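Data block for entry.txt (compact mmCIF, C-alpha atoms and all ligand atoms):
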# COMPACT_ATOMS: atom_id res chain seq x y z
CA MET L 187 -1.94 -24.25 -31.21
CA THR L 188 -3.28 -23.43 -27.72
CA ASP L 189 -2.65 -19.96 -26.37
CA ASN L 190 -0.79 -20.37 -23.11
CA ARG L 191 -0.71 -16.69 -22.29
CA VAL L 192 -2.32 -15.27 -19.16
CA GLY L 193 -2.37 -11.51 -18.66
CA VAL L 194 -1.49 -10.24 -15.19
CA LEU L 195 -2.98 -6.83 -14.48
CA VAL L 196 -0.77 -5.47 -11.71
CA MET L 197 -2.63 -2.57 -10.15
CA SER L 198 -1.19 0.17 -7.98
CA TYR L 199 -2.14 3.62 -6.72
CA GLY L 200 -0.12 5.61 -9.27
CA THR L 201 1.86 8.81 -8.84
CA PRO L 202 2.69 11.79 -11.05
CA ASN L 203 5.69 11.56 -13.38
CA SER L 204 6.56 15.23 -12.88
CA PHE L 205 5.50 18.32 -10.94
CA GLU L 206 3.48 19.45 -13.99
CA GLU L 207 1.29 16.36 -13.56
CA VAL L 208 0.49 16.86 -9.87
CA GLU L 209 -2.65 18.94 -10.47
CA ALA L 210 -4.19 16.44 -12.89
CA TYR L 211 -3.29 13.59 -10.53
CA TYR L 212 -4.85 15.34 -7.54
CA THR L 213 -7.96 16.18 -9.60
CA HIS L 214 -8.29 12.51 -10.53
CA ILE L 215 -8.06 11.45 -6.86
CA ARG L 216 -10.82 13.99 -6.15
CA ARG L 217 -13.02 12.37 -8.82
CA GLY L 218 -12.66 15.24 -11.27
CA ILE L 219 -12.93 18.15 -8.83
CA PRO L 220 -9.79 20.30 -9.09
CA PRO L 221 -8.05 21.12 -5.78
CA SER L 222 -8.02 24.70 -4.52
CA PRO L 223 -4.71 26.57 -5.08
CA GLU L 224 -3.95 26.11 -1.34
CA GLN L 225 -4.61 22.35 -1.48
CA LEU L 226 -2.46 22.02 -4.59
CA GLN L 227 0.34 24.03 -3.02
CA ALA L 228 0.23 21.87 0.11
CA LEU L 229 0.53 18.67 -1.96
CA MET L 230 3.32 20.17 -4.10
CA ALA L 231 5.24 21.02 -0.94
CA ARG L 232 4.91 17.43 0.32
CA TYR L 233 6.21 16.06 -2.99
CA GLU L 234 9.03 18.62 -3.08
CA ALA L 235 10.17 17.30 0.29
CA ILE L 236 10.49 13.70 -0.96
CA VAL L 237 11.15 13.88 -4.68
CA GLY L 238 14.83 13.76 -5.59
CA GLY L 239 14.61 13.83 -9.40
CA PHE L 240 11.88 11.16 -9.63
CA PHE L 241 8.62 10.27 -7.93
CA PRO L 242 9.48 7.27 -5.73
CA LEU L 243 6.27 5.31 -6.28
CA ARG L 244 6.77 5.48 -10.07
CA ARG L 245 10.12 3.71 -9.85
CA ASN L 246 8.97 1.27 -7.17
CA THR L 247 5.93 0.15 -9.13
CA ASP L 248 8.10 -0.39 -12.23
CA ASN L 249 10.53 -2.47 -10.19
CA GLN L 250 7.77 -4.51 -8.57
CA VAL L 251 6.09 -5.33 -11.88
CA ALA L 252 9.42 -6.33 -13.49
CA ALA L 253 10.31 -8.48 -10.47
CA LEU L 254 6.89 -10.17 -10.47
CA GLN L 255 7.27 -10.94 -14.19
CA GLN L 256 10.64 -12.59 -13.50
CA THR L 257 9.33 -14.53 -10.51
CA LEU L 258 6.37 -15.88 -12.49
CA GLN L 259 8.68 -16.93 -15.33
CA ARG L 260 11.07 -18.63 -12.93
CA ASP L 261 8.46 -20.44 -10.80
CA TYR L 262 5.75 -21.18 -13.37
CA PRO L 263 7.55 -21.58 -16.71
CA ALA L 264 4.74 -23.73 -18.11
CA VAL L 265 2.44 -20.70 -18.27
CA ASP L 266 3.23 -17.63 -20.35
CA TYR L 267 2.36 -14.89 -17.87
CA VAL L 268 2.40 -11.35 -19.28
CA CYS L 269 2.45 -8.62 -16.60
CA VAL L 270 1.09 -5.16 -17.40
CA GLN L 271 0.52 -2.17 -15.15
CA GLY L 272 -2.84 -0.57 -14.38
CA LEU L 273 -2.78 2.45 -12.09
CA LYS L 274 -5.67 3.96 -10.15
CA HIS L 275 -4.87 7.65 -10.50
CA ALA L 276 -2.16 8.00 -13.17
CA ALA L 277 -1.22 6.64 -16.58
CA PRO L 278 -1.16 3.86 -17.55
CA PHE L 279 -4.62 3.70 -15.95
CA ILE L 280 -6.33 0.43 -14.97
CA GLU L 281 -8.38 0.61 -18.18
CA ASP L 282 -5.18 1.09 -20.26
CA GLY L 283 -3.73 -2.06 -18.71
CA VAL L 284 -6.80 -4.12 -19.62
CA GLU L 285 -6.73 -2.65 -23.16
CA GLU L 286 -3.07 -3.66 -23.47
CA ILE L 287 -3.94 -7.25 -22.54
CA ALA L 288 -6.87 -7.30 -24.98
CA ALA L 289 -4.83 -5.68 -27.79
CA ALA L 290 -2.19 -8.42 -27.45
CA GLY L 291 -4.96 -10.93 -28.11
CA ILE L 292 -4.75 -12.40 -24.59
CA ARG L 293 -8.14 -13.72 -23.51
CA ARG L 294 -7.45 -14.80 -19.90
CA ALA L 295 -6.15 -12.60 -17.09
CA VAL L 296 -5.66 -12.24 -13.35
CA GLY L 297 -5.85 -8.89 -11.57
CA ILE L 298 -3.90 -8.19 -8.38
CA VAL L 299 -3.34 -4.97 -6.42
CA LEU L 300 -0.07 -3.95 -4.78
CA ALA L 301 -1.89 -3.46 -1.47
CA PRO L 302 -2.67 -6.43 0.82
CA HIS L 303 -5.95 -5.40 2.51
CA TYR L 304 -9.42 -5.33 1.00
CA SER L 305 -11.82 -2.44 1.37
CA ARG L 306 -14.73 -1.74 -0.92
CA MET L 307 -13.31 1.79 -1.13
CA SER L 308 -9.79 0.72 -2.07
CA ILE L 309 -9.31 -2.68 -3.74
CA GLY L 310 -13.04 -2.83 -4.52
CA GLY L 311 -12.64 0.30 -6.65
CA TYR L 312 -9.68 -1.10 -8.59
CA ILE L 313 -11.56 -4.33 -9.29
CA GLU L 314 -14.75 -2.63 -10.39
CA ARG L 315 -12.92 -0.55 -13.02
CA ALA L 316 -10.87 -3.49 -14.29
CA ARG L 317 -13.90 -5.77 -14.48
CA LYS L 318 -15.90 -3.21 -16.47
CA LYS L 319 -13.11 -2.75 -19.02
CA ALA L 320 -12.50 -6.50 -19.23
CA GLU L 321 -16.15 -7.09 -20.03
CA GLU L 322 -16.03 -4.45 -22.77
CA THR L 323 -12.89 -5.94 -24.31
CA GLY L 324 -13.77 -9.63 -23.92
CA VAL L 325 -11.02 -10.55 -21.47
CA ALA L 326 -11.96 -13.23 -18.90
CA ILE L 327 -10.42 -11.83 -15.73
CA ARG L 328 -10.29 -13.16 -12.16
CA PHE L 329 -9.12 -11.16 -9.18
CA VAL L 330 -7.06 -11.58 -6.04
CA LYS L 331 -9.03 -9.62 -3.45
CA SER L 332 -6.55 -9.63 -0.56
CA TYR L 333 -3.52 -11.42 0.81
CA HIS L 334 -3.29 -9.83 4.26
CA ASP L 335 -2.58 -13.10 6.11
CA HIS L 336 -0.36 -14.84 3.56
CA PRO L 337 2.49 -16.52 5.49
CA LEU L 338 5.14 -14.93 3.25
CA LEU L 339 3.73 -11.45 3.88
CA ILE L 340 3.77 -12.07 7.61
CA GLU L 341 7.32 -13.48 7.48
CA ALA L 342 8.67 -10.59 5.39
CA LEU L 343 7.07 -7.99 7.67
CA ALA L 344 8.15 -9.76 10.86
CA GLU L 345 11.75 -9.82 9.60
CA ARG L 346 11.53 -6.07 9.11
CA VAL L 347 10.15 -5.55 12.60
CA LYS L 348 13.04 -7.55 14.06
CA LEU L 349 15.56 -5.50 12.05
CA GLY L 350 13.80 -2.28 13.08
CA LEU L 351 14.10 -3.22 16.76
CA GLU L 352 17.84 -3.65 16.32
CA ARG L 353 18.11 0.08 15.62
CA PHE L 354 17.37 0.77 19.28
CA PRO L 355 20.07 0.38 21.96
CA PRO L 356 19.94 -3.18 23.41
CA ASP L 357 18.88 -1.94 26.84
CA LYS L 358 15.91 -0.06 25.34
CA ARG L 359 14.52 -2.77 23.02
CA ALA L 360 12.13 -4.27 25.56
CA GLN L 361 10.46 -0.88 25.96
CA VAL L 362 9.91 -0.19 22.26
CA ARG L 363 6.24 0.26 21.34
CA VAL L 364 5.64 -1.18 17.88
CA ILE L 365 2.86 0.73 16.12
CA PHE L 366 1.38 -0.82 12.99
CA THR L 367 -0.23 1.70 10.64
CA ALA L 368 -2.38 1.81 7.51
CA HIS L 369 -4.13 4.43 5.41
CA SER L 370 -7.26 5.69 7.12
CA LEU L 371 -10.59 5.65 5.30
CA PRO L 372 -13.85 7.49 5.90
CA ALA L 373 -15.43 5.99 9.04
CA HIS L 374 -18.68 5.12 7.24
CA ILE L 375 -16.96 1.98 5.87
CA LEU L 376 -17.77 0.49 9.29
CA ASP L 377 -21.50 0.69 8.48
CA MET L 378 -20.84 -1.44 5.37
CA HIS L 379 -19.16 -4.19 7.47
CA ASP L 380 -16.05 -3.59 5.40
CA PRO L 381 -13.31 -6.17 6.15
CA TYR L 382 -10.50 -3.55 5.97
CA PRO L 383 -10.08 -2.82 9.73
CA GLN L 384 -10.27 -6.53 10.71
CA GLN L 385 -7.80 -7.57 8.01
CA LEU L 386 -5.35 -4.93 9.23
CA MET L 387 -5.69 -6.05 12.84
CA GLU L 388 -5.14 -9.64 11.71
CA THR L 389 -1.94 -8.76 9.83
CA SER L 390 -0.67 -6.74 12.80
CA ARG L 391 -1.39 -9.54 15.27
CA LEU L 392 0.27 -12.19 13.10
CA VAL L 393 3.35 -10.04 12.45
CA ALA L 394 3.70 -9.22 16.16
CA GLU L 395 3.37 -12.90 17.11
CA THR L 396 5.91 -13.98 14.49
CA ALA L 397 8.38 -11.29 15.54
CA GLY L 398 7.86 -12.15 19.23
CA VAL L 399 6.54 -8.66 20.00
CA THR L 400 3.94 -8.14 22.75
CA ASN L 401 4.24 -4.36 23.19
CA TRP L 402 2.26 -3.20 20.15
CA GLN L 403 -0.81 -1.35 18.95
CA PHE L 404 -2.43 -0.14 15.76
CA ALA L 405 -3.00 3.43 14.48
CA TRP L 406 -4.36 4.99 11.30
CA GLN L 407 -2.43 7.47 9.16
CA SER L 408 -2.75 9.90 6.25
CA ALA L 409 -6.48 10.66 6.72
CA GLY L 410 -7.92 13.06 4.14
CA GLN L 411 -9.49 16.43 4.87
CA THR L 412 -12.86 15.76 3.30
CA GLY L 413 -15.28 17.11 5.89
CA VAL L 414 -16.43 13.63 7.01
CA PRO L 415 -15.01 11.62 9.95
CA TRP L 416 -12.15 9.23 9.10
CA LEU L 417 -11.08 6.14 11.02
CA GLY L 418 -8.93 6.95 14.04
CA PRO L 419 -6.97 7.25 16.21
CA ASP L 420 -4.42 8.90 13.95
CA ILE L 421 -0.74 8.09 14.41
CA LEU L 422 0.10 11.71 15.31
CA GLU L 423 -2.46 11.65 18.10
CA VAL L 424 -1.26 8.22 19.26
CA LEU L 425 2.37 9.35 19.47
CA GLU L 426 1.30 12.18 21.77
CA THR L 427 -0.96 10.01 23.94
CA VAL L 428 1.44 7.12 24.47
CA ASN L 429 4.19 9.56 25.33
CA ARG L 430 2.09 11.65 27.70
CA GLU L 431 -0.02 8.94 29.31
CA GLU L 432 2.28 5.92 29.28
CA GLY L 433 5.72 7.49 29.16
CA VAL L 434 6.62 5.74 25.87
CA ASN L 435 9.90 7.15 24.50
CA GLU L 436 10.79 4.49 21.90
CA VAL L 437 8.53 3.79 18.95
CA LEU L 438 8.93 1.59 15.88
CA ILE L 439 6.34 2.28 13.18
CA CYS L 440 5.55 -0.62 10.85
CA PRO L 441 3.24 0.57 8.02
CA VAL L 442 1.57 -2.79 7.29
CA GLY L 443 -1.05 -1.23 5.03
CA PHE L 444 1.49 -0.18 2.39
CA VAL L 445 4.13 -2.04 0.42
CA SER L 446 6.22 0.71 -1.21
CA ASP L 447 8.23 3.77 -0.37
CA HIS L 448 6.00 6.68 -1.38
CA LEU L 449 4.48 9.93 -0.18
CA GLU L 450 2.48 8.44 2.68
CA ILE L 451 5.66 6.84 4.04
CA LEU L 452 8.43 9.22 3.05
CA TYR L 453 6.48 12.33 4.05
CA ASP L 454 3.71 11.36 6.47
CA ILE L 455 5.93 9.10 8.58
CA ASP L 456 9.51 10.06 7.82
CA ILE L 457 8.96 13.81 7.99
CA GLU L 458 5.69 14.53 9.80
CA CYS L 459 5.77 11.79 12.46
CA ARG L 460 9.51 12.21 12.97
CA ARG L 461 9.13 15.94 13.51
CA LEU L 462 6.48 15.36 16.18
CA ALA L 463 8.45 12.52 17.77
CA GLN L 464 11.49 14.75 18.02
CA SER L 465 9.51 17.47 19.76
CA LEU L 466 8.20 14.89 22.25
CA GLY L 467 11.63 13.36 22.86
CA ILE L 468 10.60 10.03 21.29
CA HIS L 469 13.22 7.91 19.51
CA LEU L 470 11.26 6.96 16.38
CA GLU L 471 12.23 4.35 13.80
CA ARG L 472 10.33 2.91 10.86
CA THR L 473 10.53 -0.56 9.31
CA GLU L 474 11.79 -0.85 5.73
CA MET L 475 9.12 -1.16 3.06
CA LEU L 476 8.73 -4.37 1.06
CA ASN L 477 9.17 -2.77 -2.39
CA ALA L 478 10.45 -5.64 -4.63
CA ASP L 479 11.35 -7.95 -1.71
CA ALA L 480 11.82 -11.54 -2.95
CA LYS L 481 9.32 -13.02 -0.45
CA TYR L 482 6.72 -10.44 -1.43
CA MET L 483 7.24 -11.22 -5.12
CA LYS L 484 6.96 -14.96 -4.43
CA LEU L 485 3.71 -14.37 -2.54
CA LEU L 486 2.30 -12.37 -5.44
CA ALA L 487 3.43 -14.94 -8.01
CA ASP L 488 1.96 -17.88 -6.05
CA THR L 489 -1.32 -16.05 -5.47
CA VAL L 490 -1.61 -15.04 -9.13
CA HIS L 491 -0.88 -18.60 -10.25
CA ARG L 492 -3.39 -20.13 -7.82
CA THR L 493 -6.06 -17.69 -9.00
CA ALA L 494 -5.31 -18.42 -12.66
CA GLU L 495 -5.52 -22.17 -12.06
CA GLU L 496 -8.86 -21.83 -10.28
CA GLY L 497 -10.19 -20.48 -13.56
O1 LIG Z 501 3.53 8.55 -3.62
C1 LIG Z 501 2.51 8.90 -4.22
O2 LIG Z 501 2.57 9.70 -5.15
C2 LIG Z 501 1.16 8.34 -3.90
C3 LIG Z 501 1.02 7.95 -2.46
C4 LIG Z 501 -0.37 7.45 -2.07
C5 LIG Z 501 -0.69 6.15 -1.77
C6 LIG Z 501 -2.06 6.15 -1.34
C7 LIG Z 501 -2.71 5.01 -0.93
C8 LIG Z 501 -4.00 4.96 -0.49
N1 LIG Z 501 -4.89 6.00 -0.50
C9 LIG Z 501 -6.08 5.55 -0.01
C10 LIG Z 501 -7.24 6.28 0.15
C11 LIG Z 501 -7.36 7.64 -0.12
C12 LIG Z 501 -8.59 8.40 0.02
C13 LIG Z 501 -8.31 9.71 -0.31
C14 LIG Z 501 -6.91 9.77 -0.66
C15 LIG Z 501 -6.24 10.92 -1.05
C16 LIG Z 501 -4.90 10.96 -1.42
C17 LIG Z 501 -4.19 12.16 -1.85
C18 LIG Z 501 -2.89 11.79 -2.15
C19 LIG Z 501 -2.78 10.35 -1.91
N2 LIG Z 501 -4.02 9.89 -1.48
FE1 LIG Z 501 -4.50 7.95 -1.08
N3 LIG Z 501 -2.56 7.43 -1.39
C20 LIG Z 501 -1.54 8.25 -1.85
C21 LIG Z 501 -1.64 9.61 -2.10
N4 LIG Z 501 -6.37 8.50 -0.54
C22 LIG Z 501 -1.76 12.66 -2.65
C23 LIG Z 501 -4.81 13.56 -1.96
C24 LIG Z 501 -4.27 14.49 -0.92
C25 LIG Z 501 -4.44 13.97 0.47
O3 LIG Z 501 -5.60 13.75 0.90
O4 LIG Z 501 -3.39 13.72 1.09
C26 LIG Z 501 -9.30 10.90 -0.29
C27 LIG Z 501 -9.90 11.08 -1.67
C28 LIG Z 501 -10.94 12.18 -1.64
O5 LIG Z 501 -10.54 13.36 -1.56
O6 LIG Z 501 -12.13 11.84 -1.67
C29 LIG Z 501 -9.95 7.82 0.44
C30 LIG Z 501 -5.94 4.15 0.37
C31 LIG Z 501 -4.65 3.78 0.07
C32 LIG Z 501 -3.97 2.40 0.33
C33 LIG Z 501 -4.44 1.38 -0.67
C34 LIG Z 501 -3.91 1.60 -2.06
O7 LIG Z 501 -2.67 1.71 -2.27
O8 LIG Z 501 -4.75 1.66 -2.97
C35 LIG Z 501 -7.01 3.27 1.00
C36 LIG Z 501 0.20 4.97 -1.86

Take the structure I supplied and represent it as structure tokens, if you would.
Amino acid sequence: MTDNRVGVLVMSYGTPNSFEEVEAYYTHIRRGIPPSPEQLQALMARYEAIVGGFFPLRRNTDNQVAALQQTLQRDYPAVDYVCVQGLKHAAPFIEDGVEEIAAAGIRRAVGIVLAPHYSRMSIGGYIERARKKAEETGVAIRFVKSYHDHPLLIEALAERVKLGLERFPPDKRAQVRVIFTAHSLPAHILDMHDPYPQQLMETSRLVAETAGVTNWQFAWQSAGQTGVPWLGPDILEVLETVNREEGVNEVLICPVGFVSDHLEILYDIDIECRRLAQSLGIHLERTEMLNADAKYMKLLADTVHRTAEEG
């Protein structure tokens, strides 16, 4: 009997399960170097501000993986897709996910990351770890590298931009500056001709066009404090400049580089950017995240299936 099963390694950033796990999580992000007590305290304080009994990314990743499993079953019933999680900085780690596929006796798999834009430093890192483990365990795995211009991604984000604009009074909507954001990375990625910045600009342009928005720009967010330059301008700086130099008082942030509600959204935008906006007299709104949005799940399912068929 032929084995019709295809493993789907759904990879995501990962988050702690509890406050006790924050230090180990942060140490993992720092490639094994523990944070100083001040750094740890600062991260704890950010989580305390957003965690209401559970870490949001934990629940969102669970929901996304369950929804993708259902969508694959519904749309591609002829293939027995088996979704498992593999997280970058928390358990179950990427390697655990590949082990799970191998232990079930599944020999073919597709890997996909819950982040649309490729950088060697982001998606490249996920893929490298998964590929290494797959080779060790004898799983033939193919990867989706990016899906930043997939029509369903653009549609889903454009819908959110339109809904976001409706939160402003009708007479102010024409003045709203839409600012697309994504996680910054160390600026040396530019020397490697990394596609990350171009892919993000492409997504932003397509979403703006689809939503009929002409008053927009792009900014980076959540840069680390690592002693090297990161890509800029940062959203906090941009909010100040557009307000001071162009008199912008209405801003809609659309974080195109992320798909879930998590720390970088719920703290960096909803608390930090909002606080600054308030002090500048800016009316700030943010678009809803995709989370387990049906169009996003369909996009992931179609892309996984296409990649599996290519094999
Ligand atoms: O909600 C949560 O618990 C997790 C939110 C979270 C997401 C996320 C996504 C990305 N990161 C990316 C790059 C970097 C680089 C460094 C870095 C550091 C952190 C720290 C926390 C953190 N990141 Fe993250 N990131 C999230 C959380 N990230 C916490 C450590 C404290 C801090 O700097 O704020 C710097 C590492 C180093 O020190 O060398 C680089 C990129 C993404 C988007 C793509 C993806 O999801 O993989 C790129 C969500």

Select from chain L every residue with an atom at most 8 Å from any atom of ligand LIG 501 (chain Z), then for each give the shortest pair of atoms and their distance in Å to one decimal, using all atoms listed in the file, rows by chain and rising number, as a Markdown table.
| residue | atom | partner | partner_atom | distance |
| --- | --- | --- | --- | --- |
| L:Ser198 | CA | Z:LIG501 | O7 | 6.1 |
| L:Tyr199 | CA | Z:LIG501 | O7 | 4.9 |
| L:Gly200 | CA | Z:LIG501 | C2 | 6.2 |
| L:Thr201 | CA | Z:LIG501 | O2 | 3.9 |
| L:Pro202 | CA | Z:LIG501 | O2 | 6.3 |
| L:Tyr212 | CA | Z:LIG501 | C23 | 5.9 |
| L:Ile215 | CA | Z:LIG501 | C27 | 5.5 |
| L:Arg216 | CA | Z:LIG501 | O5 | 4.6 |
| L:Arg217 | CA | Z:LIG501 | O6 | 7.2 |
| L:Gln225 | CA | Z:LIG501 | C24 | 7.9 |
| L:Leu229 | CA | Z:LIG501 | C24 | 6.4 |
| L:Tyr233 | CA | Z:LIG501 | O2 | 7.6 |
| L:Phe241 | CA | Z:LIG501 | O2 | 6.7 |
| L:Pro242 | CA | Z:LIG501 | O1 | 6.4 |
| L:Leu243 | CA | Z:LIG501 | O1 | 5.0 |
| L:Arg244 | CA | Z:LIG501 | O2 | 7.7 |
| L:Lys274 | CA | Z:LIG501 | O8 | 7.6 |
| L:Val299 | CA | Z:LIG501 | O8 | 7.6 |
| L:Leu300 | CA | Z:LIG501 | O7 | 6.7 |
| L:Ala301 | CA | Z:LIG501 | O7 | 5.3 |
| L:His303 | CA | Z:LIG501 | C33 | 7.6 |
| L:Ser305 | CA | Z:LIG501 | C35 | 7.5 |
| L:Met307 | CA | Z:LIG501 | C35 | 6.8 |
| L:Ser308 | CA | Z:LIG501 | C35 | 4.9 |
| L:Ile309 | CA | Z:LIG501 | O8 | 6.3 |
| L:Tyr312 | CA | Z:LIG501 | O8 | 8.0 |
| L:Ala368 | CA | Z:LIG501 | C32 | 7.4 |
| L:His369 | CA | Z:LIG501 | C30 | 5.4 |
| L:Ser370 | CA | Z:LIG501 | C35 | 6.6 |
| L:Leu371 | CA | Z:LIG501 | C29 | 5.4 |
| L:Pro372 | CA | Z:LIG501 | C29 | 6.7 |
| L:Ser408 | CA | Z:LIG501 | O4 | 6.5 |
| L:Ala409 | CA | Z:LIG501 | O3 | 6.6 |
| L:Gly410 | CA | Z:LIG501 | O3 | 4.0 |
| L:Gln411 | CA | Z:LIG501 | O3 | 6.2 |
| L:Thr412 | CA | Z:LIG501 | O5 | 5.9 |
| L:Gly443 | CA | Z:LIG501 | C32 | 6.6 |
| L:Phe444 | CA | Z:LIG501 | C32 | 6.4 |
| L:Ser446 | CA | Z:LIG501 | C36 | 7.4 |
| L:Asp447 | CA | Z:LIG501 | O1 | 7.4 |
| L:His448 | CA | Z:LIG501 | O1 | 3.8 |
| L:Leu449 | CA | Z:LIG501 | O1 | 3.8 |
| L:Glu450 | CA | Z:LIG501 | C3 | 5.4 |

Report, as AutoDock Vina command-line options, the axis-aligned box around all atoms of region 316-334 of chain L present in the file, extended by 4 Å on each side; give centre and edge lengths in Å to one decimal place.
--center_x -9.7 --center_y -8.0 --center_z -10.0 --size_x 20.9 --size_y 18.5 --size_z 36.6

message = Which polymer residues, whether protein, DNA or RNA, lie within 10 Å of the coordinate (4.4, -3.2, 17.6) when you count only C-alpha atoms? List them as an NGL selection string, using the chain letters and numbers from the file.
response = :L and (347 or 351 or 362-367 or 390-391 or 393-395 or 397-404 or 437-440)

request  = Take CA of Asn190 (chain L) and CA of Ala295 (chain L) and report the distance between them in Å, one decimal.
outcome  =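 CA of Asn190 (chain L) sits 11.2 Å away from CA of Ala295 (chain L).
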
ask   = Which is closer to Glu207 (chain L) than all the others in L:Ala277, L:Val428, L:Ala253, L:Ala289, using all atoms listed in the file?
value = L:Ala277

message = Using only C-alpha atoms for the distances, tell me which of L:Ile236, L:Ala463, L:Leu195, L:Leu392 is nearest to Val325 (chain L).
response =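 Of L:Ile236, L:Ala463, L:Leu195, L:Leu392, the one nearest Val325 (chain L) is L:Leu195, counting only C-alpha atoms.
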
request  = Find, counting only C-alpha atoms, the residue in L:Val296, L:Val442, L:Leu254, L:Leu422 that gets nearest to Ile340 (chain L).
outcome  =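 Looking only at the distances to Ile340 (chain L), the closest residue turns out to be L:Val442.
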
ask   = So which one's closest to Ala405 (chain L), L:Val265, L:Met387, L:Ala228, L:Ala290? Using all atoms listed in the file, please.
value = L:Met387

key: Which of L:Ala360, L:Tyr262, L:Gly297, L:Leu466 sits closest to Ala320 (chain L) [using all atoms listed in the file]   = L:Gly297

key: Nearest-residue call for Asn477 (chain L), choices L:Gln361, L:Asn435, L:Asn246, L:Ser222, using only C-alpha atoms   =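 Closest candidate: L:Asn246.
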
ask   = Please, what distance in Å, to one decimal, runs between CA of Leu470 (chain L) and CA of Ala344 (chain L)?
value = 17.9 Å

query = Do you have the CA of Pro223 (chain L)-CA of Glu458 (chain L) distance handy?
reply =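 Result for CA of Pro223 (chain L) versus CA of Glu458 (chain L): 21.8 Å, one decimal.
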
message = Can you tell me which residues surround Leu485 (chain L) at a distance of at most 12 Å, considering all atoms listed in the file, apart from same-chain residues fewer than 5 positions away, and format the answer as a PyMOL selection string?
response = chain L and resi 253-254+257-258+261+298+300+302+330+332-342+476+478-480+490-492
